[in-house]
Structure formats: C-alpha cells, structure tokens
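Undergrad: My structure is stored as my_file07.cif, with mmCIF, C-alpha atoms.
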```cif
data_input
#
loop_
_atom_site.label_atom_id
_atom_site.label_comp_id
_atom_site.auth_asym_id
_atom_site.auth_seq_id
_atom_site.Cartn_x
_atom_site.Cartn_y
_atom_site.Cartn_z
CA MET A 230 -10.69 93.63 16.22
CA LYS A 231 -14.25 93.75 17.54
CA PRO A 232 -15.10 95.40 20.88
CA ASP A 233 -16.77 93.83 23.94
CA LEU A 234 -20.21 95.17 24.75
CA ASP A 235 -18.74 96.73 27.91
CA ALA A 236 -15.97 98.58 26.02
CA THR A 237 -16.09 102.37 25.89
CA PRO A 238 -14.92 103.44 22.43
CA ARG A 239 -13.45 106.88 21.89
CA LEU A 240 -11.85 108.68 18.96
CA ALA A 241 -8.16 107.80 18.58
CA ALA A 242 -5.44 110.42 19.10
CA GLY A 243 -5.37 112.84 16.17
CA VAL A 244 -8.94 112.04 15.11
CA ARG A 245 -11.82 114.50 15.40
CA LEU A 246 -15.05 115.48 13.75
CA ASP A 247 -15.02 118.53 11.51
CA GLU A 248 -16.61 121.43 13.33
CA ARG A 249 -18.66 122.23 10.22
CA THR A 250 -21.81 120.24 10.86
CA GLN A 251 -23.36 119.85 7.40
CA GLN A 252 -23.80 116.26 6.21
CA PRO A 253 -21.93 114.25 5.24
CA ARG A 254 -19.95 115.11 8.35
CA MET A 255 -16.19 114.66 7.99
CA LEU A 256 -14.13 112.60 10.40
CA LEU A 257 -10.68 114.13 10.18
CA MET A 258 -7.69 111.84 10.60
CA PRO A 259 -3.97 111.95 9.81
CA GLU A 260 -3.73 112.10 5.99
CA ARG A 261 -7.30 110.84 5.59
CA VAL A 262 -10.94 111.77 5.88
CA LEU A 263 -13.98 109.57 6.48
CA ARG A 264 -17.39 110.79 5.31
CA LEU A 265 -20.10 110.05 7.86
CA SER A 266 -23.86 110.28 7.56
CA GLY A 267 -26.89 108.49 8.96
CA PRO A 268 -26.05 105.55 11.26
CA SER A 269 -22.25 105.87 10.86
CA LEU A 270 -22.44 109.45 12.12
CA GLU A 271 -24.84 108.52 14.95
CA ILE A 272 -22.32 105.90 16.10
CA VAL A 273 -19.21 108.08 15.92
CA LEU A 274 -20.98 110.92 17.75
CA ARG A 275 -21.42 108.52 20.67
CA CYS A 276 -17.79 107.33 20.77
CA ASP A 277 -16.89 109.63 23.65
CA GLY A 278 -15.04 107.24 25.97
CA LYS A 279 -18.06 107.17 28.33
CA ASN A 280 -20.81 105.30 26.46
CA THR A 281 -20.41 101.54 26.44
CA VAL A 282 -21.03 99.65 23.21
CA ARG A 283 -24.15 98.25 24.89
CA GLN A 284 -25.46 101.77 25.63
CA ILE A 285 -24.75 102.90 22.07
CA ALA A 286 -26.63 99.84 20.79
CA GLU A 287 -29.65 100.68 22.99
CA GLU A 288 -29.75 104.22 21.63
CA LEU A 289 -29.55 102.94 18.07
CA HIS A 290 -32.40 100.52 18.77
CA LYS A 291 -34.54 103.53 19.67
CA LEU A 292 -33.37 105.60 16.69
CA TYR A 293 -33.95 102.79 14.21
CA SER A 294 -36.92 101.11 15.89
CA LYS A 295 -38.11 99.42 12.70
CA ALA A 296 -34.93 97.34 12.39
CA GLU A 297 -34.30 94.13 14.25
CA PRO A 298 -32.30 94.99 17.44
CA GLN A 299 -29.84 92.07 17.30
CA ARG A 300 -29.03 92.95 13.70
CA ILE A 301 -28.32 96.54 14.73
CA THR A 302 -26.03 95.41 17.55
CA ASP A 303 -24.13 93.06 15.23
CA ASP A 304 -23.70 95.79 12.62
CA LEU A 305 -22.55 98.23 15.32
CA VAL A 306 -19.92 95.84 16.68
CA GLY A 307 -18.71 95.12 13.14
CA TYR A 308 -18.49 98.80 12.24
CA LEU A 309 -16.59 99.64 15.45
CA GLY A 310 -14.14 96.87 14.57
CA VAL A 311 -13.56 98.45 11.17
CA LEU A 312 -13.07 101.91 12.70
CA HIS A 313 -10.61 100.42 15.17
CA ASP A 314 -8.52 98.79 12.44
CA LYS A 315 -8.51 102.06 10.51
CA ARG A 316 -7.10 103.61 13.71
CA ALA A 317 -10.10 105.94 13.96
CA ILE A 318 -11.17 104.77 17.43
CA ASP A 319 -9.68 103.10 20.51
CA PHE A 320 -11.47 100.85 22.97
CA MET B 223 -12.54 121.95 -4.73
CA PRO B 224 -9.27 120.89 -3.06
CA LEU B 225 -9.33 118.80 0.13
CA ALA B 226 -5.78 119.53 1.24
CA LEU B 227 -3.65 122.63 1.41
CA VAL B 228 0.07 121.97 1.52
CA ALA B 229 1.60 125.02 3.17
CA GLU B 230 5.30 125.03 2.34
CA LEU B 231 6.08 127.68 4.95
CA THR B 232 9.81 127.97 4.28
CA HIS B 233 12.66 126.29 2.46
CA ARG B 234 15.03 126.87 5.38
CA CYS B 235 15.98 123.63 7.11
CA PRO B 236 18.73 122.42 9.46
CA LEU B 237 18.80 119.12 7.51
CA HIS B 238 20.34 118.69 4.06
CA CYS B 239 18.67 115.48 2.94
CA VAL B 240 19.89 114.12 -0.36
CA TYR B 241 16.33 113.37 -1.56
CA CYS B 242 14.63 116.57 -0.39
CA SER B 243 11.40 117.23 -2.31
CA ASN B 244 12.06 120.97 -2.47
CA PRO B 245 13.02 122.44 -5.83
CA LEU B 246 16.71 122.85 -6.67
CA GLU B 247 16.21 126.59 -6.56
CA LEU B 248 15.30 127.27 -2.94
CA ALA B 249 13.35 130.31 -1.73
CA LYS B 250 15.27 132.79 0.41
CA ARG B 251 14.02 133.91 3.82
CA THR B 252 13.33 137.41 2.51
CA ALA B 253 10.97 135.99 -0.14
CA GLU B 254 8.78 134.18 2.42
CA LEU B 255 5.13 135.19 2.83
CA PRO B 256 4.35 137.20 5.96
CA THR B 257 2.15 135.84 8.77
CA GLU B 258 -0.96 137.77 7.73
CA THR B 259 -0.91 136.41 4.16
CA TRP B 260 -0.76 132.82 5.43
CA ILE B 261 -3.64 133.51 7.82
CA ARG B 262 -5.69 134.91 4.92
CA ILE B 263 -4.93 131.76 2.90
CA PHE B 264 -6.12 129.50 5.75
CA HIS B 265 -9.46 131.29 5.88
CA GLU B 266 -9.84 131.24 2.10
CA ALA B 267 -8.99 127.55 2.07
CA ALA B 268 -11.55 126.64 4.73
CA ALA B 269 -14.17 128.72 2.90
CA ILE B 270 -13.78 126.71 -0.33
CA GLY B 271 -14.00 123.38 1.50
CA VAL B 272 -10.37 122.49 2.24
CA LEU B 273 -10.29 120.16 5.27
CA GLN B 274 -6.61 119.61 5.96
CA ALA B 275 -3.59 121.89 6.14
CA ASP B 276 -0.19 120.23 5.99
CA PHE B 277 2.51 122.50 7.37
CA THR B 278 5.74 121.59 5.73
CA GLY B 279 8.91 123.15 4.36
CA GLY B 280 11.91 122.99 4.59
CA GLU B 281 11.46 122.79 8.32
CA PRO B 282 8.21 124.58 9.26
CA LEU B 283 9.37 124.99 12.88
CA VAL B 284 12.06 127.49 11.87
CA ARG B 285 9.27 130.02 11.23
CA LYS B 286 9.19 132.29 14.29
CA ASP B 287 5.41 132.66 13.89
CA ILE B 288 4.72 128.90 13.76
CA ILE B 289 2.54 128.87 16.91
CA GLU B 290 0.47 131.77 15.57
CA LEU B 291 0.09 130.03 12.20
CA VAL B 292 -1.03 126.75 13.77
CA SER B 293 -3.52 128.57 15.95
CA ALA B 294 -4.90 130.57 13.00
CA ALA B 295 -5.27 127.52 10.74
CA ARG B 296 -7.05 125.60 13.47
CA LYS B 297 -9.36 128.55 14.23
CA ALA B 298 -10.15 128.79 10.51
CA GLY B 299 -11.50 125.22 10.83
CA LEU B 300 -8.65 123.21 9.30
CA TYR B 301 -7.12 119.95 10.52
CA VAL B 302 -3.48 120.87 11.07
CA SER B 303 -0.60 118.48 10.43
CA LEU B 304 3.00 119.42 11.11
CA ILE B 305 5.55 117.64 8.93
CA THR B 306 8.86 118.05 10.69
CA GLY B 307 12.36 116.71 11.13
CA GLY B 308 11.98 117.54 14.82
CA LEU B 309 15.33 119.25 15.26
CA PRO B 310 14.04 122.67 16.45
CA LEU B 311 11.58 121.04 18.84
CA ASP B 312 11.83 121.06 22.64
CA GLU B 313 9.25 120.09 25.25
CA GLY B 314 8.04 123.67 25.73
CA LYS B 315 7.61 124.32 22.02
CA LEU B 316 5.71 121.05 21.59
CA ARG B 317 3.38 121.98 24.46
CA ALA B 318 2.76 125.37 22.85
CA LEU B 319 1.96 123.71 19.51
CA VAL B 320 -0.49 121.35 21.18
CA GLU B 321 -2.15 124.24 22.98
CA ALA B 322 -2.38 126.11 19.66
CA GLY B 323 -4.38 123.17 18.30
CA ILE B 324 -2.00 121.00 16.32
CA ASP B 325 -3.84 117.80 15.34
CA HIS B 326 -1.07 115.60 14.01
CA VAL B 327 2.71 115.52 13.89
CA GLN B 328 4.63 113.60 11.26
CA LEU B 329 8.21 113.07 12.38
CA SER B 330 10.75 112.07 9.74
CA PHE B 331 13.63 109.67 10.29
CA GLN B 332 16.51 109.12 7.88
CA GLY B 333 17.21 105.61 9.14
CA ALA B 334 17.46 103.59 12.35
CA SER B 335 20.95 104.74 13.30
CA GLU B 336 22.85 107.94 13.95
CA GLU B 337 25.40 107.02 11.29
CA THR B 338 22.82 106.72 8.50
CA GLY B 339 20.97 109.82 9.66
CA ARG B 340 24.19 111.81 9.45
CA GLU B 341 25.08 110.41 6.05
CA ILE B 342 21.68 111.20 4.52
CA SER B 343 20.88 114.52 6.19
CA GLY B 344 24.44 115.83 6.41
CA THR B 345 24.01 116.55 10.11
CA SER B 346 23.46 114.85 13.47
CA THR B 347 19.75 114.29 14.06
CA HIS B 348 18.97 110.80 15.30
CA PRO B 349 19.44 111.18 19.09
CA HIS B 350 17.25 114.29 19.15
CA LYS B 351 14.53 112.62 17.08
CA LEU B 352 14.40 109.81 19.65
CA ARG B 353 13.86 112.41 22.38
CA VAL B 354 11.10 114.06 20.34
CA LEU B 355 9.41 110.69 19.99
CA THR B 356 9.12 110.26 23.75
CA TRP B 357 7.78 113.83 24.18
CA LEU B 358 5.13 113.27 21.50
CA LYS B 359 3.70 110.39 23.53
CA GLN B 360 2.90 112.76 26.40
CA HIS B 361 0.20 114.46 24.32
CA ARG B 362 -3.03 113.20 22.82
CA ILE B 363 -2.29 114.09 19.20
CA GLY B 364 -1.89 112.03 16.06
CA VAL B 365 1.65 110.79 15.47
CA THR B 366 3.09 109.40 12.25
CA LEU B 367 6.67 108.21 11.89
CA ASN B 368 7.99 108.70 8.40
CA PHE B 369 10.96 106.73 7.11
CA VAL B 370 12.15 107.65 3.65
CA ILE B 371 13.68 104.46 2.34
CA HIS B 372 16.21 103.78 -0.40
CA ARG B 373 19.17 101.66 -1.34
CA GLN B 374 21.34 102.93 1.55
CA ASN B 375 18.96 102.27 4.45
CA ILE B 376 16.68 99.34 3.53
CA ASN B 377 19.09 97.14 5.48
CA GLU B 378 17.96 99.03 8.63
CA LEU B 379 14.28 98.15 8.11
CA GLU B 380 14.17 95.85 11.16
CA GLY B 381 15.65 98.60 13.31
CA MET B 382 13.01 101.02 12.03
CA LEU B 383 10.29 98.51 12.89
CA ASP B 384 11.79 98.12 16.39
CA LEU B 385 11.29 101.85 16.87
CA VAL B 386 7.66 101.47 15.77
CA GLU B 387 7.07 98.52 18.14
CA GLU B 388 8.60 100.48 21.01
CA HIS B 389 6.58 103.65 20.52
CA HIS B 390 3.41 102.54 18.70
CA PRO B 391 2.59 105.66 16.70
CA GLY B 392 -0.87 105.71 15.10
CA CYS B 393 0.76 105.40 11.71
CA VAL B 394 4.12 104.62 10.17
CA GLU B 395 5.02 105.45 6.60
CA PHE B 396 7.80 103.74 4.70
CA ALA B 397 8.06 106.09 1.78
CA SER B 398 10.37 105.12 -1.05
CA VAL B 399 12.37 108.04 -2.39
CA GLN B 400 10.64 109.68 -5.33
CA TYR B 401 12.97 110.98 -8.00
CA TYR B 402 12.47 114.70 -8.40
CA GLY B 403 14.71 117.62 -7.49
CA TRP B 404 17.44 116.51 -5.09
CA GLY B 405 16.38 112.87 -5.26
CA PHE B 406 16.71 112.96 -9.05
CA ALA B 407 20.21 114.40 -8.73
CA ASN B 408 21.21 111.58 -6.34
CA ARG B 409 19.19 108.82 -7.99
CA SER B 410 22.01 106.42 -8.85
CA ARG B 411 22.89 106.03 -5.15
CA LEU B 412 19.28 105.89 -3.93
CA LEU B 413 17.53 103.47 -6.29
CA PRO B 414 16.95 100.18 -4.45
CA THR B 415 17.70 96.86 -6.11
CA ARG B 416 14.90 94.42 -7.01
CA GLU B 417 16.14 92.13 -4.19
CA GLN B 418 15.93 94.99 -1.70
CA LEU B 419 12.41 95.82 -2.86
CA ASP B 420 11.27 92.19 -2.52
CA TYR B 421 12.75 92.01 0.98
CA CYS B 422 11.05 95.27 1.87
CA VAL B 423 7.62 94.16 0.63
CA ALA B 424 7.81 90.84 2.50
CA THR B 425 9.05 92.43 5.73
CA LEU B 426 6.42 95.15 5.72
CA LYS B 427 3.60 92.74 4.91
CA ASN B 428 4.61 90.74 7.92
CA ALA B 429 4.84 93.86 10.10
CA GLU B 430 1.43 95.01 8.92
CA GLY B 431 -0.19 91.87 10.33
CA ARG B 432 1.71 92.15 13.61
CA LEU B 433 0.84 95.83 14.07
CA LYS B 434 -2.82 95.65 12.99
CA GLY B 435 -5.07 97.63 15.30
CA LYS B 436 -2.07 99.40 16.85
CA THR B 437 -0.12 101.11 14.09
CA ARG B 438 -1.26 101.57 10.52
CA VAL B 439 1.56 100.68 8.11
CA VAL B 440 1.76 102.61 4.86
CA PHE B 441 4.24 101.64 2.15
CA VAL B 442 4.90 104.05 -0.70
CA VAL B 443 6.39 101.89 -3.45
CA PRO B 444 9.38 102.92 -5.55
CA ASP B 445 7.37 103.55 -8.68
CA TYR B 446 10.23 102.81 -11.10
CA TYR B 447 9.46 99.16 -10.23
CA ALA B 448 5.69 99.51 -10.50
CA LYS B 449 3.41 98.02 -13.14
CA TYR B 450 1.15 101.05 -13.20
CA PRO B 451 2.02 104.60 -12.18
CA LYS B 452 0.97 106.25 -8.94
CA ALA B 453 -2.08 108.50 -8.88
CA CYS B 454 0.24 111.44 -8.31
CA VAL B 455 -1.29 113.99 -5.87
CA GLY B 456 -4.62 112.22 -6.41
CA GLY B 457 -4.77 113.68 -9.91
CA TRP B 458 -3.50 117.05 -11.12
CA GLY B 459 -5.66 119.89 -9.80
CA ARG B 460 -8.17 117.51 -8.25
CA LYS B 461 -7.48 117.33 -4.52
CA LEU B 462 -4.47 119.33 -3.55
CA ILE B 463 -3.09 122.84 -3.73
CA LEU B 464 0.45 123.64 -2.65
CA ILE B 465 1.60 127.11 -1.72
CA SER B 466 5.35 127.70 -1.95
CA PRO B 467 7.18 129.85 0.64
CA GLY B 468 6.88 132.83 -1.70
CA GLY B 469 3.17 132.33 -2.40
CA THR B 470 3.23 130.51 -5.74
CA ALA B 471 0.24 128.17 -6.07
CA LEU B 472 1.28 124.77 -7.43
CA PRO B 473 -0.55 121.53 -8.26
CA CYS B 474 2.35 119.52 -6.71
CA HIS B 475 5.78 119.86 -5.11
CA ALA B 476 7.74 119.56 -8.33
CA ALA B 477 5.48 121.32 -10.87
CA MET B 478 7.97 124.14 -11.40
CA VAL B 479 10.28 121.80 -13.34
CA ILE B 480 7.74 121.64 -16.18
CA PRO B 481 8.62 124.30 -18.74
CA GLY B 482 5.96 126.60 -20.10
CA LEU B 483 3.55 126.47 -17.17
CA SER B 484 2.46 129.79 -15.76
CA PHE B 485 1.68 129.89 -12.06
CA ASP B 486 -0.38 132.34 -10.03
CA ASN B 487 0.58 133.83 -6.69
CA VAL B 488 -1.64 134.14 -3.61
CA LYS B 489 -0.36 137.70 -3.18
CA GLU B 490 -2.35 138.66 -6.28
CA LYS B 491 -5.34 136.30 -6.37
CA SER B 492 -7.63 134.45 -4.00
CA LEU B 493 -7.30 130.72 -3.56
CA ARG B 494 -10.69 130.15 -5.18
CA GLU B 495 -9.78 132.19 -8.23
CA ILE B 496 -6.49 130.33 -8.59
CA TRP B 497 -8.14 126.94 -8.22
CA ASP B 498 -10.81 127.78 -10.80
CA THR B 499 -8.80 129.72 -13.38
CA SER B 500 -5.03 129.19 -13.01
CA SER B 501 -3.75 127.94 -16.36
CA ALA B 502 -1.22 125.66 -14.63
CA PHE B 503 -4.01 123.89 -12.73
CA GLN B 504 -6.16 123.60 -15.87
CA LYS B 505 -3.34 122.27 -18.03
CA PHE B 506 -3.53 118.61 -16.91
CA ARG B 507 -6.90 118.59 -15.17
CA GLY B 508 -9.45 116.06 -16.41
CA GLU B 509 -8.60 113.79 -19.37
CA ASP B 510 -8.67 115.88 -22.54
CA TRP B 511 -4.91 116.42 -22.52
CA MET B 512 -4.07 112.71 -22.29
CA GLN B 513 -2.23 110.79 -24.99
CA GLU B 514 -2.42 107.13 -25.94
CA PRO B 515 -2.17 104.63 -24.37
CA CYS B 516 -3.78 106.52 -21.45
CA LYS B 517 -6.55 108.13 -23.47
CA SER B 518 -8.34 104.82 -24.05
CA CYS B 519 -7.05 102.92 -20.98
CA ASP B 520 -9.36 102.03 -18.09
CA HIS B 521 -6.60 102.68 -15.58
CA ARG B 522 -6.78 106.40 -16.32
CA HIS B 523 -9.64 106.73 -13.81
CA GLN B 524 -7.39 105.37 -11.05
CA ASP B 525 -3.95 106.74 -11.88
CA PHE B 526 -4.81 109.84 -13.96
CA ALA B 527 -1.94 108.89 -16.32
CA GLY B 528 0.57 109.07 -13.46
CA CYS B 529 2.94 111.89 -12.71
CA ARG B 530 3.35 114.88 -15.06
CA CYS B 531 6.73 115.85 -13.64
CA GLN B 532 8.07 112.32 -14.07
CA ALA B 533 6.75 112.26 -17.66
CA TYR B 534 8.70 115.44 -18.32
CA LEU B 535 11.87 114.32 -16.52
CA LEU B 536 12.04 110.86 -18.12
CA ALA B 537 10.18 111.21 -21.43
CA GLY B 538 10.74 114.91 -22.11
CA ASP B 539 7.00 115.50 -22.53
CA PRO B 540 4.81 116.41 -19.53
CA ALA B 541 1.66 115.16 -21.33
CA ALA B 542 3.12 111.71 -22.04
CA THR B 543 2.08 108.56 -20.21
CA ASP B 544 4.17 108.30 -17.05
CA PRO B 545 7.19 106.29 -18.26
CA VAL B 546 7.07 103.98 -15.22
CA CYS B 547 3.82 102.50 -16.60
CA SER B 548 4.33 99.05 -18.14
CA LEU B 549 2.15 100.20 -21.04
CA ALA B 550 4.13 103.38 -21.71
CA PRO B 551 6.08 103.59 -24.97
CA THR B 552 9.00 105.02 -22.97
CA ARG B 553 9.08 102.28 -20.31
CA LEU B 554 12.42 101.04 -21.72
CA ARG B 555 14.09 104.17 -20.41
CA VAL B 556 13.07 103.25 -16.87
CA ASP B 557 14.22 99.67 -17.37
CA ALA B 558 17.60 100.97 -18.55
CA ILE B 559 17.90 103.12 -15.41
CA LEU B 560 17.03 100.13 -13.22
CA ALA B 561 19.56 97.95 -15.04
CA GLY B 562 22.21 100.56 -14.26
CA GLY B 563 21.20 100.41 -10.59
CA HIS B 564 21.57 96.63 -10.44
CA ARG B 565 25.31 96.69 -9.93
CA PRO B 566 26.07 94.84 -6.68
CA ILE B 567 26.92 96.99 -3.69
CA PRO B 568 30.68 96.55 -3.13
CA ALA B 569 31.68 94.70 0.04
CA VAL B 570 34.32 97.28 0.83
CA PRO B 571 32.71 100.70 0.58
CA GLU B 572 34.12 102.85 -2.15
CA GLU B 573 35.20 106.32 -1.23
CA LYS B 574 32.56 108.53 0.42
CA PRO B 575 29.54 108.80 -1.89
CA HIS B 576 29.42 112.02 -3.81
CA TRP B 577 26.06 113.16 -2.55
CA VAL B 578 24.53 116.36 -3.76
CA TYR B 579 23.43 117.76 -0.40
CA ARG B 580 20.60 120.24 -0.30
CA PRO B 581 21.90 123.54 1.10
CA ASN B 582 20.14 125.84 3.56
CA PRO B 583 18.89 128.94 1.67
CA ALA B 584 19.95 132.37 2.88
#
```
Show this structure as structure tokens.
TA:
Amino acid sequence: MKPDLDATPRLAAGVRLDERTQQPRMLLMPERVLRLSGPSLEIVLRCDGKNTVRQIAEELHKLYSKAEPQRITDDLVGYLGVLHDKRAIDF
Amino acid sequence: MPLALVAELTHRCPLHCVYCSNPLELAKRTAELPTETWIRIFHEAAAIGVLQADFTGGEPLVRKDIIELVSAARKAGLYVSLITGGLPLDEGKLRALVEAGIDHVQLSFQGASEETGREISGTSTHPHKLRVLTWLKQHRIGVTLNFVIHRQNINELEGMLDLVEEHHPGCVEFASVQYYGWGFANRSRLLPTREQLDYCVATLKNAEGRLKGKTRVVFVVPDYYAKYPKACVGGWGRKLILISPGGTALPCHAAMVIPGLSFDNVKEKSLREIWDTSSAFQKFRGEDWMQEPCKSCDHRHQDFAGCRCQAYLLAGDPAATDPVCSLAPTRLRVDAILAGGHRPIPAVPEEKPHWVYRPNPA
C-alpha cells in the first residue's frame, strides 16, 4: 500500500535502527534485519511520525539535486509502500 | 560472524508441550548459567556483530533475573526478543520488561481453544494467553503470535485466524511441528495428512492477502512433505549460535543428538573463539563435507543440504542429504512414514492419546 503525500510515516512497533552507526546501517525487526545505505537510509531516518512524505521528498530533492524531482518522489512513495508491506513502517 | 544469538536461558517451563524443541535430557536449575555469565555473553555477542538476541527456554520468564538480563542485552546493543508461553506474565512484569528495553515478544499458542491447549501442553493456558494478548497491545513493542500446527489442531485454523484478525499482531507464524526431540517421540500423532496440509496452504494464502499491510503471515511448512529441504538455521554455523542453559554452544537446538560432535562451553571460551574454532561448528560448515546428490546440486547454495539432525535421525548419517529432499536416496523412508500417517482419523476418538509429555526439570 502506497502512502499519501500528507501521510507521516513512522517505524512500526518493534522496529528500530541499530545504534551502531556504521554503514550499511541495520534496521532491526522481529526475526529480520534490513540493510540500509544511501537513499534507503536517508528515507528511514526521516520516518519519525512528524515528517510528511512531501517533506521527506523535498529533502531528498535537495540531497540528490542531480536527479529528476518527480522521479525521486515516485521512488520514495514506492519504497515506503514496500516498507509498509514488510511491516517496517506505519502511516 | 553470527547474526543471531539464541539464549536458551532455562529448560524449566510450566508447559509440557508434546513437540517441545528442547532435548530429551533437560538441564536442571542448578546447572543454569549465572546472571553475570549471560551478561558477558551478550557483550561478547554484540562485539562480534550479533544483532539479535532471542530469549527462549523452556520458559525464559521463570528466570528470576529476567528483567536484568533483558536490560543488559539491550544495553549491550542487541535487539531483544522474548519467546514465551506467557504463563508467568502479569501486567506489572510486562511493564518492567518493556522498561528494560524488550523489543519484541513472541507469544505461543497451542491452538484456538482451551481444550486443545490443555491436551497439547498438559496444563491450562489458553485463558491466560488471551489476557496476555490484550496487555501486549498496551505497549509499543513488536508482537508475534506463534501457532505450532499439527494433525490435532489444523481443524482450528479458522479460530486461530480469528484471534489474529481481532488483535492484529505485527506478525503471525503458523509453524508446523518439526520432528526432533519430543516432537520426534510423538510424531505419529502429530504428522498432518496431505489433505490437512493442502487445506492449510489454501487457507493461509487467502489470509495472507486479507491481512497484507496489517499482519505478516509466516508459514513454516511440514518439511516431510517438501520437495526440497529447509535451509536449517540458515546453514550450519553460518548465522546462528545457540547457548544452552548450562552454557554449551550449539549450531542449532537439536545438535546434541548427533553422536561424535564435541561442543565447547561459554564458561571456558569466548564466543568469538567458539565461533571460529569449535569443532562442532566447523564440522558441517561450508560445503566440503557434503555428499552426492548435494555436492553437485545447485540447490546446495539455498538449502545447505538441509538439516543435519534430520539426516542423522532418519538416514543414520548426519552428513547425508536431508532425507526429506526429493532427490535424496533415503527419501523412501520419509514416504513410508507419511504413508503410515495417512490412516483416517477415527470418527469416535480412540482412548486418550498416549502423548509423551515433556516434564519440568528439577
């Protein structure tokens, strides 16, 4: 399920980032681990229940200014949908 | 380096489940590692890159130092899961566990009814588990419901799914009994029929679609019916290290059934040293030990030749291809066992099943 641009994604219950900060950073979940680096890490770091998807997209546009903004937003929404179905985030 | 540490804190348990994964020879309370040794292990584990600690048993909550152990593992940097039957839990104890930093609780059910729960665990558990389920929802922690399924409770699958729909845990596991230890002893009454398995697969596939985005559905297949074996523990000595209540370091729950293996103990060696040098861990690590047909089979990269304990129990050789594999020379033995389990279930129940219940160690 894909989020609205006004949704405020946050990590699901029982999901947190490993406190050890070397990359790839580990997203710790029940019985599983996701390895995050680059854009995937930038996105998950912003899933704090306060940032809207739109705000996260704007920050990514700045971080990856060479890429086409609409493409970044589409990829973001798609990735958040995947994380949601893996039960890594809620929105 | 291992990713997961399975901390088998004790073999004591108020339940007596007929498929318990503990060895037939249970560790006594007096043999259990003290608090400070466990805390040392958590720090050693985090230092070599372990990410997750699974607290299990027996019933890990019967340890009087459980809050201290959770807190220490979390402070060491580990993701802490508690695998529990829930019986010793009350609201205060749960709150204390959450405050100590528990990340995830896996609550086991023996069925969807009190009657089945009593039959399988030899004691009354179901009403209390339902209470625990409502308490768990008051905290922001990961929750998994675990149903061990088999011939005697597959008919309650819809009731189990009702519980999932009512409480929406992050994950539900329908784990088919695996036949080691107590499950092996009770196998003839636990093996599902092919019809039951087909029903189970269809029902769970349907549920998976319905629950998508709410609850992740995991189905652990009964591997006697599988085409290829399971990648047992993600491969021997590849991802997981299990510490028994007395400190023995094992590559899996059942490894002690394999004759001739020599295990190290955390009382004498560090976790890193054991992982790197223990002869038991080296024995079936990698591929050099494999026999045909595994040795030249492409599936070996996915299933690592299956389960060593099952190869020993069914084929008499722990280095053999897992006999459940359709390519295994010993597959006929599994087919013969399944044929024996295909007898119809009598309409009028025979006398009480002669279960071998797992006792509570002294």
Undergrad: Might you spell out which residues the PyMOL selection byres ((chain A and resi 286) around 9) would select in the displayed file, as a VMD selection string?
TA: chain A and resid 234 272 281 to 285 287 to 291 298 301 to 302 305 to 306
Undergrad: Show me which bits of chain B are within 9 Å of chain A, counting all atoms listed in the file, as a tab-separated table (two decimals) with C-alpha atoms, in the frame of the given file.
TA:
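Final output, saved to selection16.tsv:
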```tsv
chain	number	residue	atom	x	y	z
B	273	LEU	CA	-10.29	120.16	5.27
B	274	GLN	CA	-6.61	119.61	5.96
B	276	ASP	CA	-0.19	120.23	5.99
B	299	GLY	CA	-11.50	125.22	10.83
B	300	LEU	CA	-8.65	123.21	9.30
B	301	TYR	CA	-7.12	119.95	10.52
B	303	SER	CA	-0.60	118.48	10.43
B	324	ILE	CA	-2.00	121.00	16.32
B	325	ASP	CA	-3.84	117.80	15.34
B	326	HIS	CA	-1.07	115.60	14.01
B	327	VAL	CA	2.71	115.52	13.89
B	328	GLN	CA	4.63	113.60	11.26
B	361	HIS	CA	0.20	114.46	24.32
B	362	ARG	CA	-3.03	113.20	22.82
B	363	ILE	CA	-2.29	114.09	19.20
B	364	GLY	CA	-1.89	112.03	16.06
B	365	VAL	CA	1.65	110.79	15.47
B	366	THR	CA	3.09	109.40	12.25
B	392	GLY	CA	-0.87	105.71	15.10
B	393	CYS	CA	0.76	105.40	11.71
B	434	LYS	CA	-2.82	95.65	12.99
B	435	GLY	CA	-5.07	97.63	15.30
B	436	LYS	CA	-2.07	99.40	16.85
B	437	THR	CA	-0.12	101.11	14.09
B	438	ARG	CA	-1.26	101.57	10.52
```
Undergrad: Might you spell out which residues the PyMOL selection byres ((chain B and resi 450) around 8) would select in the displayed file, as a VMD selection string?
TA: chain B and resid 448 to 449 451 to 452 525 546 to 549
Undergrad: Could you dump the residues just selected with C-alpha atoms as a short mmCIF file (atom, residue, chain, number, x, y, z; two decimals), in the coordinates of the input?
TA:
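As written to disk, out-v9.cif reads:
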```
data_model
loop_
_atom_site.label_atom_id
_atom_site.label_comp_id
_atom_site.auth_asym_id
_atom_site.auth_seq_id
_atom_site.Cartn_x
_atom_site.Cartn_y
_atom_site.Cartn_z
CA ALA B 448 5.69 99.51 -10.50
CA LYS B 449 3.41 98.02 -13.14
CA PRO B 451 2.02 104.60 -12.18
CA LYS B 452 0.97 106.25 -8.94
CA ASP B 525 -3.95 106.74 -11.88
CA VAL B 546 7.07 103.98 -15.22
CA CYS B 547 3.82 102.50 -16.60
CA SER B 548 4.33 99.05 -18.14
CA LEU B 549 2.15 100.20 -21.04
#
```
Undergrad: Determine the nearest neighbour of Arg580 (chain B) from the options B:Thr338, B:Ser466, B:Ser410, B:Ser343, counting only C-alpha atoms.
TA: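 Closest candidate: B:Ser343.
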Undergrad: Looking at A:Gln252, A:Pro232, A:Thr237, A:Lys295, which one is nearest to Arg275 (chain A), with distances taken over only C-alpha atoms?
TA: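 Under the stated criterion, the closest residue is A:Thr237.
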Undergrad: Rounded to one decimal, what separation in Å do you get between CA of Phe406 (chain B) and CA of Pro349 (chain B)?
TA: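 Between these atoms lies a distance of 28.3 Å.
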Undergrad: CA of Phe331 (chain B) and CA of His233 (chain B) are how many Å apart?
TA: 18.4 Å
Undergrad: Could you tell me, as a PyMOL selection string, exactly which residues end up selected when the PyMOL selection byres ((chain A and resi 265) around 6) is applied to this structure?
TA: chain A and resi 253-254+264+266+269-270
Undergrad: Rounded to one decimal in Å, what is the spacing between CA of Ala502 (chain B) and CA of Thr232 (chain B)?
TA: 22.0 Å
Undergrad: Excluding same-chain residues fewer than 4 positions from region 241-257 of chain B, what lies within 6 Å of it counting all atoms listed in the file, as a VMD selection string?
TA: chain B and resid 233 403 to 405 467 to 468 583 to 584
Undergrad: I'd like the neighbourhood of Ile270 (chain B) as a ChimeraX atom specification, where a residue qualifies if any of its atoms comes within 10 Å (using only C-alpha atoms), though same-chain residues fewer than 4 positions away should be ignored.
TA: /B:223-225,265-266,493-494,497
